[in-house]
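Enquirer: Sending over a structure as structure tokens; questions will come in a sec.
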Amino acid sequence: MASFDKEIVFLRLPPFFGKFFTHPQECQVPFPIAYAGACLKKDGFKVSVNDQWAREEAPSRMLRGLLAGDMGMLVMHVDSMNRDVVMDTAWAVRRHCGRSLPMIATGQYADVFPESLVGTAGPFDAAVRGEPELTLVEVARAARSWQEAGCPGDGPDFSGIAGVTWSVADRSRIVRNEDRPLIAGLDDLPLPDFGLFDLDRYAKMSSFVPVRGRVRWGWIMSSRGCPFGCLFCSPTLRKSYGTRYRTHSPEYVSSMVHDLVVNHGCNAIAFEDDVFSLDRNRTIEICHRIRESNPGVFWTAQTHLATLDGEVIQAMAEAGCRGLCVGIESGDEAVRRVLKGQSLSDSDIERNVALIHAHGIQLTAYFMVGCPGETLEQMKKTVEMARRIDPAMIQVAFFTPYPGSPAWDRYMVGGRHEPDMSHYNRFSVNLSAAPRKDVERLHDRFYTSFFLRPKWIARYVTRRLPYVVLQSRGREWKLLFNTLVYLFAPVHSVKMDSMDSIRRL
Ligand code: SF4
């Protein structure tokens, strides 16, 4: 029988298993686990993370290790990309552990389709909708009370816990508790617990920082929420919930930087906010504080081009910013208006990108093809823009109407979650004005026509290669190898699911 002398285990699963990833993906720290782990520990629970993004074990080995551990409660993040892997694994755990192990789902899929994860349809006891940290503490208390009472009835009583969907009456009736408001006072949360992760296994691969010797990345989400409402955006793609912008204070951000540098030995920081520089004054103050208290730290951030200007970019560069990630999405203004509502003009984009480059900051730009109504000519304008503005790194996605996005509500009413939504390099739903095959061909050529330019190759060899050789400890070779496979293999037909061995267990 599970017991709360034992651990609350967060099982973090990738979209697919295996050491050979077909996409040159990064490994990023999951903030909800870092925050929820800190909140649960503060409440007296023991917490551990079984992190398959970092460990990359074979499915059977992963499952054996998990079942051999001391689990008091199992928490799994489920989203559009890893849904199938999570469901198969969760059913396997359920078969082995029976009903005495409370199993909880969090993440975008639990937020949008909680009913599909609990009751008779799903393996979980409860789905946590929205921000999980505070809800999970109450869920863990209810699970502990249930276990201390000898596991009576159908399972733990989650009634009254806001943000939870669960089932009663022998799992036949699903109950949707009231919504939980978004967390307003972010500074009231404990510092995220990065001791739960092996930080050496994590790296921000799209950017590099000019550190001599070993790079150890630390991770900060200094704000939550984004008011822009892009058509394609859902919690699958972004890291926080809600349109209301909420921030940690500059003092708190400074203490997070200090914690990562002093207590975790980090010498590079990745700010993973959805839009880091949305509040201009706050951004400049954070930059001043980093300069004063942690002058040697290099960092990167994700933001929106519309929130940048010369003064903000200069403040960021002077405070150690060496990489920015922005979503440009399309080289066609009309398509950008469809995707992003009010949109920057081509000249605004080019001016801000030039400013970023002038301050020595590398740009990672995200683009998208196959957008609603988009023609091949408009997609070609995106390819041309990428070559023209010449960022250090690009990522090209197919437009995908993920559950939880405005596009899902607009185009997928009554529709279903497509299996191909397991990755944005699959063209799961064609809403464009071009045939699917043509869009897929353009997507592949987008990468080759961008990366196989002498200018880009020369920059890679002269700037990034020293970093590759000295600092990335093999990760960069894997990234380079996977990138070449990705560029030249027919990626749309590669089978990524390796779950058969889990299903047999
Ligand atoms: S894509 Fe970025 S800017 Fe647009 S809504 Fe999502 S987080 Fe905000």
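Ordering of the structure tokens sets the chain letters (A, B, ...), residue numbers begin anew at 1 in every chain, and ligands are numbered from 1 in the order given.
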Determine, for each residue of chain A having at least one atom at most 10 Å from an atom of ligand 1, the closest pair of atoms and their separation in Å to one decimal, counting only C-alpha atoms and all ligand atoms; order by chain and ascending number, as JSON lines.
Expert:
{"residue": "A:Arg224", "atom": "CA", "partner": "ligand 1", "partner_atom_place_in_ligand_line": "7 (S)", "distance": 9.4}
{"residue": "A:Gly225", "atom": "CA", "partner": "ligand 1", "partner_atom_place_in_ligand_line": "7 (S)", "distance": 7.5}
{"residue": "A:Cys226", "atom": "CA", "partner": "ligand 1", "partner_atom_place_in_ligand_line": "8 (Fe)", "distance": 4.6}
{"residue": "A:Pro227", "atom": "CA", "partner": "ligand 1", "partner_atom_place_in_ligand_line": "8 (Fe)", "distance": 6.2}
{"residue": "A:Phe228", "atom": "CA", "partner": "ligand 1", "partner_atom_place_in_ligand_line": "5 (S)", "distance": 4.5}
{"residue": "A:Gly229", "atom": "CA", "partner": "ligand 1", "partner_atom_place_in_ligand_line": "5 (S)", "distance": 4.1}
{"residue": "A:Cys230", "atom": "CA", "partner": "ligand 1", "partner_atom_place_in_ligand_line": "5 (S)", "distance": 4.2}
{"residue": "A:Leu231", "atom": "CA", "partner": "ligand 1", "partner_atom_place_in_ligand_line": "5 (S)", "distance": 7.5}
{"residue": "A:Phe232", "atom": "CA", "partner": "ligand 1", "partner_atom_place_in_ligand_line": "1 (S)", "distance": 7.0}
{"residue": "A:Cys233", "atom": "CA", "partner": "ligand 1", "partner_atom_place_in_ligand_line": "6 (Fe)", "distance": 4.5}
{"residue": "A:Ser234", "atom": "CA", "partner": "ligand 1", "partner_atom_place_in_ligand_line": "6 (Fe)", "distance": 6.7}
{"residue": "A:Pro235", "atom": "CA", "partner": "ligand 1", "partner_atom_place_in_ligand_line": "6 (Fe)", "distance": 8.3}
{"residue": "A:Thr236", "atom": "CA", "partner": "ligand 1", "partner_atom_place_in_ligand_line": "6 (Fe)", "distance": 9.8}
{"residue": "A:Leu237", "atom": "CA", "partner": "ligand 1", "partner_atom_place_in_ligand_line": "6 (Fe)", "distance": 7.3}
{"residue": "A:Arg238", "atom": "CA", "partner": "ligand 1", "partner_atom_place_in_ligand_line": "7 (S)", "distance": 5.5}
{"residue": "A:Lys239", "atom": "CA", "partner": "ligand 1", "partner_atom_place_in_ligand_line": "7 (S)", "distance": 7.9}
{"residue": "A:Ser240", "atom": "CA", "partner": "ligand 1", "partner_atom_place_in_ligand_line": "7 (S)", "distance": 8.1}
{"residue": "A:Tyr241", "atom": "CA", "partner": "ligand 1", "partner_atom_place_in_ligand_line": "7 (S)", "distance": 9.3}
{"residue": "A:Gly242", "atom": "CA", "partner": "ligand 1", "partner_atom_place_in_ligand_line": "5 (S)", "distance": 9.5}
{"residue": "A:Thr243", "atom": "CA", "partner": "ligand 1", "partner_atom_place_in_ligand_line": "5 (S)", "distance": 7.9}
{"residue": "A:Asp273", "atom": "CA", "partner": "ligand 1", "partner_atom_place_in_ligand_line": "7 (S)", "distance": 8.3}
{"residue": "A:Asp274", "atom": "CA", "partner": "ligand 1", "partner_atom_place_in_ligand_line": "7 (S)", "distance": 4.6}
{"residue": "A:Val275", "atom": "CA", "partner": "ligand 1", "partner_atom_place_in_ligand_line": "7 (S)", "distance": 6.3}
{"residue": "A:Phe276", "atom": "CA", "partner": "ligand 1", "partner_atom_place_in_ligand_line": "7 (S)", "distance": 9.9}
{"residue": "A:Leu278", "atom": "CA", "partner": "ligand 1", "partner_atom_place_in_ligand_line": "3 (S)", "distance": 9.7}
{"residue": "A:Gln302", "atom": "CA", "partner": "ligand 1", "partner_atom_place_in_ligand_line": "2 (Fe)", "distance": 8.8}
{"residue": "A:Thr303", "atom": "CA", "partner": "ligand 1", "partner_atom_place_in_ligand_line": "2 (Fe)", "distance": 7.4}
{"residue": "A:His304", "atom": "CA", "partner": "ligand 1", "partner_atom_place_in_ligand_line": "3 (S)", "distance": 5.9}
{"residue": "A:Leu305", "atom": "CA", "partner": "ligand 1", "partner_atom_place_in_ligand_line": "3 (S)", "distance": 9.1}
{"residue": "A:Ala306", "atom": "CA", "partner": "ligand 1", "partner_atom_place_in_ligand_line": "3 (S)", "distance": 9.4}
{"residue": "A:Val326", "atom": "CA", "partner": "ligand 1", "partner_atom_place_in_ligand_line": "2 (Fe)", "distance": 8.1}
{"residue": "A:Gly327", "atom": "CA", "partner": "ligand 1", "partner_atom_place_in_ligand_line": "1 (S)", "distance": 6.7}
{"residue": "A:Ile328", "atom": "CA", "partner": "ligand 1", "partner_atom_place_in_ligand_line": "1 (S)", "distance": 9.4}
{"residue": "A:Glu329", "atom": "CA", "partner": "ligand 1", "partner_atom_place_in_ligand_line": "1 (S)", "distance": 9.1}
{"residue": "A:Leu339", "atom": "CA", "partner": "ligand 1", "partner_atom_place_in_ligand_line": "4 (Fe)", "distance": 8.5}
{"residue": "A:Lys340", "atom": "CA", "partner": "ligand 1", "partner_atom_place_in_ligand_line": "4 (Fe)", "distance": 6.5}
{"residue": "A:Gly341", "atom": "CA", "partner": "ligand 1", "partner_atom_place_in_ligand_line": "4 (Fe)", "distance": 9.5}
{"residue": "A:Tyr366", "atom": "CA", "partner": "ligand 1", "partner_atom_place_in_ligand_line": "1 (S)", "distance": 9.7}
{"residue": "A:Ser405", "atom": "CA", "partner": "ligand 1", "partner_atom_place_in_ligand_line": "6 (Fe)", "distance": 9.0}
{"residue": "A:Pro406", "atom": "CA", "partner": "ligand 1", "partner_atom_place_in_ligand_line": "5 (S)", "distance": 9.6}
Enquirer: Neighbouring residues of Cys287 (chain A) were defined as those with any atom within 8 Å, considering only C-alpha atoms; residues of the same chain fewer than 3 positions away were excluded. Please report them as a list in words.
Expert: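 My list of contacting residues is Thr283, Ile284, Ile290, Arg291, Ala315, Met316, Glu318 and Ala319 of chain A.
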Enquirer: Can I get the selection written as a compact mmCIF listing (two decimals), in the first residue's frame, with C-alpha atoms?
Expert:
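Output file again.txt follows:
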# COMPACT_ATOMS: atom_id res chain seq x y z
CA THR A 283 12.76 44.80 -17.41
CA ILE A 284 15.20 47.68 -17.12
CA ILE A 290 21.62 41.74 -12.40
CA ARG A 291 24.45 44.12 -13.33
CA ALA A 315 20.03 47.49 -20.89
CA MET A 316 19.68 43.78 -21.52
CA GLU A 318 24.85 45.48 -20.67
CA ALA A 319 23.40 43.15 -18.03
Enquirer: Would you mind listing what lies within 8 Å of Ser159 (chain A) as a CSV table (one decimal) with N, CA and C atoms, in the first residue's frame, with only C-alpha atoms counted and same-chain residues fewer than 2 positions away left out?
Expert:
chain,number,residue,atom,x,y,z
A,157,ASP,N,-10.9,11.6,-1.3
A,157,ASP,CA,-12.0,12.6,-1.5
A,157,ASP,C,-11.5,13.9,-1.8
A,161,ILE,N,-11.8,20.9,-3.5
A,161,ILE,CA,-10.4,21.3,-3.9
A,161,ILE,C,-10.6,22.0,-5.3
A,177,ASN,N,-14.8,20.2,-10.0
A,177,ASN,CA,-14.8,21.2,-9.0
A,177,ASN,C,-14.6,22.6,-9.6
Enquirer: Which residue is closest to Asp200 (chain A)? Choose from A:Gln378, A:Gln28, A:Thr364, A:Ser100 and count only C-alpha atoms.
Expert: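 For Asp200 (chain A), the nearest of the given residues is A:Gln28.
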Enquirer: Could you tell me how far CA of Ala143 (chain A) lies from CA of Phe194 (chain A), in Å and to one decimal?
Expert: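 CA of Phe194 (chain A) lies 25.0 Å from CA of Ala143 (chain A).
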Enquirer: Counting only C-alpha atoms, figure out which residue out of A:Trp91, A:Phe45, A:Tyr202, A:Phe208 gets nearest to Leu136 (chain A).
Expert: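 Using only C-alpha atoms, Leu136 (chain A) sits closest to A:Phe45.
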Enquirer: Just give me the gap between CA of His248 (chain A) and CA of Arg216 (chain A) in Å, one decimal is fine.
Expert: 23.3 Å
Enquirer: Can you tell me which residues surround His443 (chain A) at a distance of at most 10 Å, considering only C-alpha atoms, apart from same-chain residues fewer than 5 positions away, and format the answer as a PyMOL selection string?
Expert: chain A and resi 368-370+379-380+383+396-398+425+427+437-438+448
Enquirer: Only C-alpha atoms, please: the residues just picked out, written as a CSV table (one decimal), in the first residue's frame.
Expert:
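Generated output (again_14.csv):
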chain,number,residue,atom,x,y,z
A,368,MET,CA,5.4,28.8,-38.9
A,369,VAL,CA,4.0,27.5,-42.2
A,370,GLY,CA,0.6,26.0,-43.2
A,379,MET,CA,5.0,30.8,-47.1
A,380,LYS,CA,7.9,31.6,-49.5
A,383,VAL,CA,11.6,31.7,-46.1
A,396,VAL,CA,10.0,26.2,-38.2
A,397,ALA,CA,6.7,24.7,-37.1
A,398,PHE,CA,3.6,23.6,-38.9
A,425,ASN,CA,7.0,18.9,-37.0
A,427,PHE,CA,1.4,18.6,-40.3
A,437,LYS,CA,2.6,17.7,-49.8
A,438,ASP,CA,3.6,21.2,-51.1
A,448,THR,CA,18.1,23.5,-45.8
Enquirer: Using only C-alpha atoms, which residues sit within 12 Å of Gly360 (chain A) once same-chain residues fewer than 5 positions away are excluded, as number ranges by chain?
Expert: A: 209-210, 313-314, 316-318, 320-324, 353-355, 391-392
Enquirer: Can you work out which one of A:Arg180, A:Met256, A:Ile8, A:Met393 has the shortest atom-to-atom distance to Ile104 (chain A), counting only C-alpha atoms?
Expert: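 The shortest atom-to-atom distance to Ile104 (chain A) comes from A:Ile8.
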Enquirer: Region 141-380 of chain A: which residues are alpha helix (DSSP H) by DSSP, as a PyMOL selection string?
Expert: chain A and resi 141-148+250-258+264+280-293+310-318+333-340+346-358+376-380
Enquirer: Can you pull out every residue within 10 Å of Ile33 (chain A), counting only C-alpha atoms, but drop anything in the same chain fewer than 5 positions away, and send it as an MDAnalysis selection string?
Expert: chainID A and resid 10:12 38:39 47:49 75:77 106 132:133 192:194 196:197
Enquirer: Emit the selected residues as a tab-separated table (two decimals), in the first residue's frame, including C-alpha atoms.
Expert:
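File produced: selection.tsv:
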chain	number	residue	atom	x	y	z
A	10	PHE	CA	6.78	13.44	-10.47
A	11	LEU	CA	7.22	11.31	-13.59
A	12	ARG	CA	8.24	13.50	-16.51
A	38	ALA	CA	9.01	23.37	-3.30
A	39	CYS	CA	5.41	23.92	-2.12
A	47	VAL	CA	9.34	14.76	-3.28
A	48	SER	CA	11.40	13.29	-6.11
A	49	VAL	CA	11.43	13.60	-9.90
A	75	VAL	CA	2.06	12.97	-10.59
A	76	MET	CA	2.38	13.03	-14.39
A	77	HIS	CA	2.39	16.03	-16.72
A	106	THR	CA	-1.36	17.91	-14.60
A	132	PRO	CA	-0.79	23.03	-10.36
A	133	GLU	CA	1.32	24.18	-7.40
A	192	PRO	CA	11.52	26.82	-7.24
A	193	ASP	CA	13.42	23.73	-6.09
A	194	PHE	CA	16.09	23.04	-8.72
A	196	LEU	CA	15.07	18.12	-7.75
A	197	PHE	CA	16.81	18.11	-11.14
Enquirer: What is the CA of Trp299 (chain A)-CA of Gly107 (chain A) distance in Å, reported with one decimal?
Expert: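 Taking CA of Trp299 (chain A) as the start and CA of Gly107 (chain A) as the end point, the length is 26.9 Å.
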Enquirer: Between A:Thr400, A:Gln395, A:Gly310, A:Glu56, which has the minimum distance to His359 (chain A) (counting only C-alpha atoms)?
Expert: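 The shortest atom-to-atom distance to His359 (chain A) comes from A:Gly310.
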Enquirer: Counting only C-alpha atoms, what is within 12 Å of Ser345 (chain A), bar same-chain residues fewer than 4 positions away, as an MDAnalysis selection string?
Expert: chainID A and resid 305:306 328 330:337 349:352
Enquirer: Take the selection from the previous step and output its residues with N, CA and C atoms, as a compact mmCIF listing (two decimals), in the first residue's frame.
Expert:
# COMPACT_ATOMS: atom_id res chain seq x y z
N LEU A 305 8.95 40.71 -29.99
CA LEU A 305 9.69 41.82 -30.62
C LEU A 305 9.04 43.17 -30.34
N ALA A 306 7.70 43.18 -30.23
CA ALA A 306 7.00 44.46 -30.04
C ALA A 306 7.33 45.10 -28.69
N ILE A 328 8.46 35.21 -34.72
CA ILE A 328 8.13 36.11 -35.84
C ILE A 328 6.99 35.50 -36.64
N SER A 330 5.66 34.65 -39.44
CA SER A 330 5.45 34.71 -40.89
C SER A 330 6.16 35.93 -41.48
N GLY A 331 6.56 35.79 -42.74
CA GLY A 331 7.14 36.92 -43.47
C GLY A 331 6.08 37.72 -44.21
N ASP A 332 4.82 37.37 -44.02
CA ASP A 332 3.74 38.06 -44.71
C ASP A 332 2.87 38.78 -43.67
N GLU A 333 2.70 40.09 -43.85
CA GLU A 333 2.00 40.88 -42.82
C GLU A 333 0.56 40.41 -42.63
N ALA A 334 -0.11 40.04 -43.71
CA ALA A 334 -1.52 39.62 -43.59
C ALA A 334 -1.61 38.33 -42.77
N VAL A 335 -0.68 37.41 -43.01
CA VAL A 335 -0.68 36.16 -42.23
C VAL A 335 -0.37 36.46 -40.77
N ARG A 336 0.58 37.37 -40.53
CA ARG A 336 0.91 37.71 -39.15
C ARG A 336 -0.29 38.31 -38.44
N ARG A 337 -1.10 39.10 -39.18
CA ARG A 337 -2.30 39.68 -38.55
C ARG A 337 -3.28 38.58 -38.15
N ILE A 349 10.08 44.80 -37.74
CA ILE A 349 10.79 43.56 -37.41
C ILE A 349 12.27 43.69 -37.77
N GLU A 350 12.51 44.18 -38.98
CA GLU A 350 13.91 44.27 -39.44
C GLU A 350 14.70 45.25 -38.57
N ARG A 351 14.05 46.35 -38.15
CA ARG A 351 14.76 47.33 -37.32
C ARG A 351 15.12 46.73 -35.96
N ASN A 352 14.16 46.05 -35.32
CA ASN A 352 14.44 45.49 -34.00
C ASN A 352 15.45 44.35 -34.07
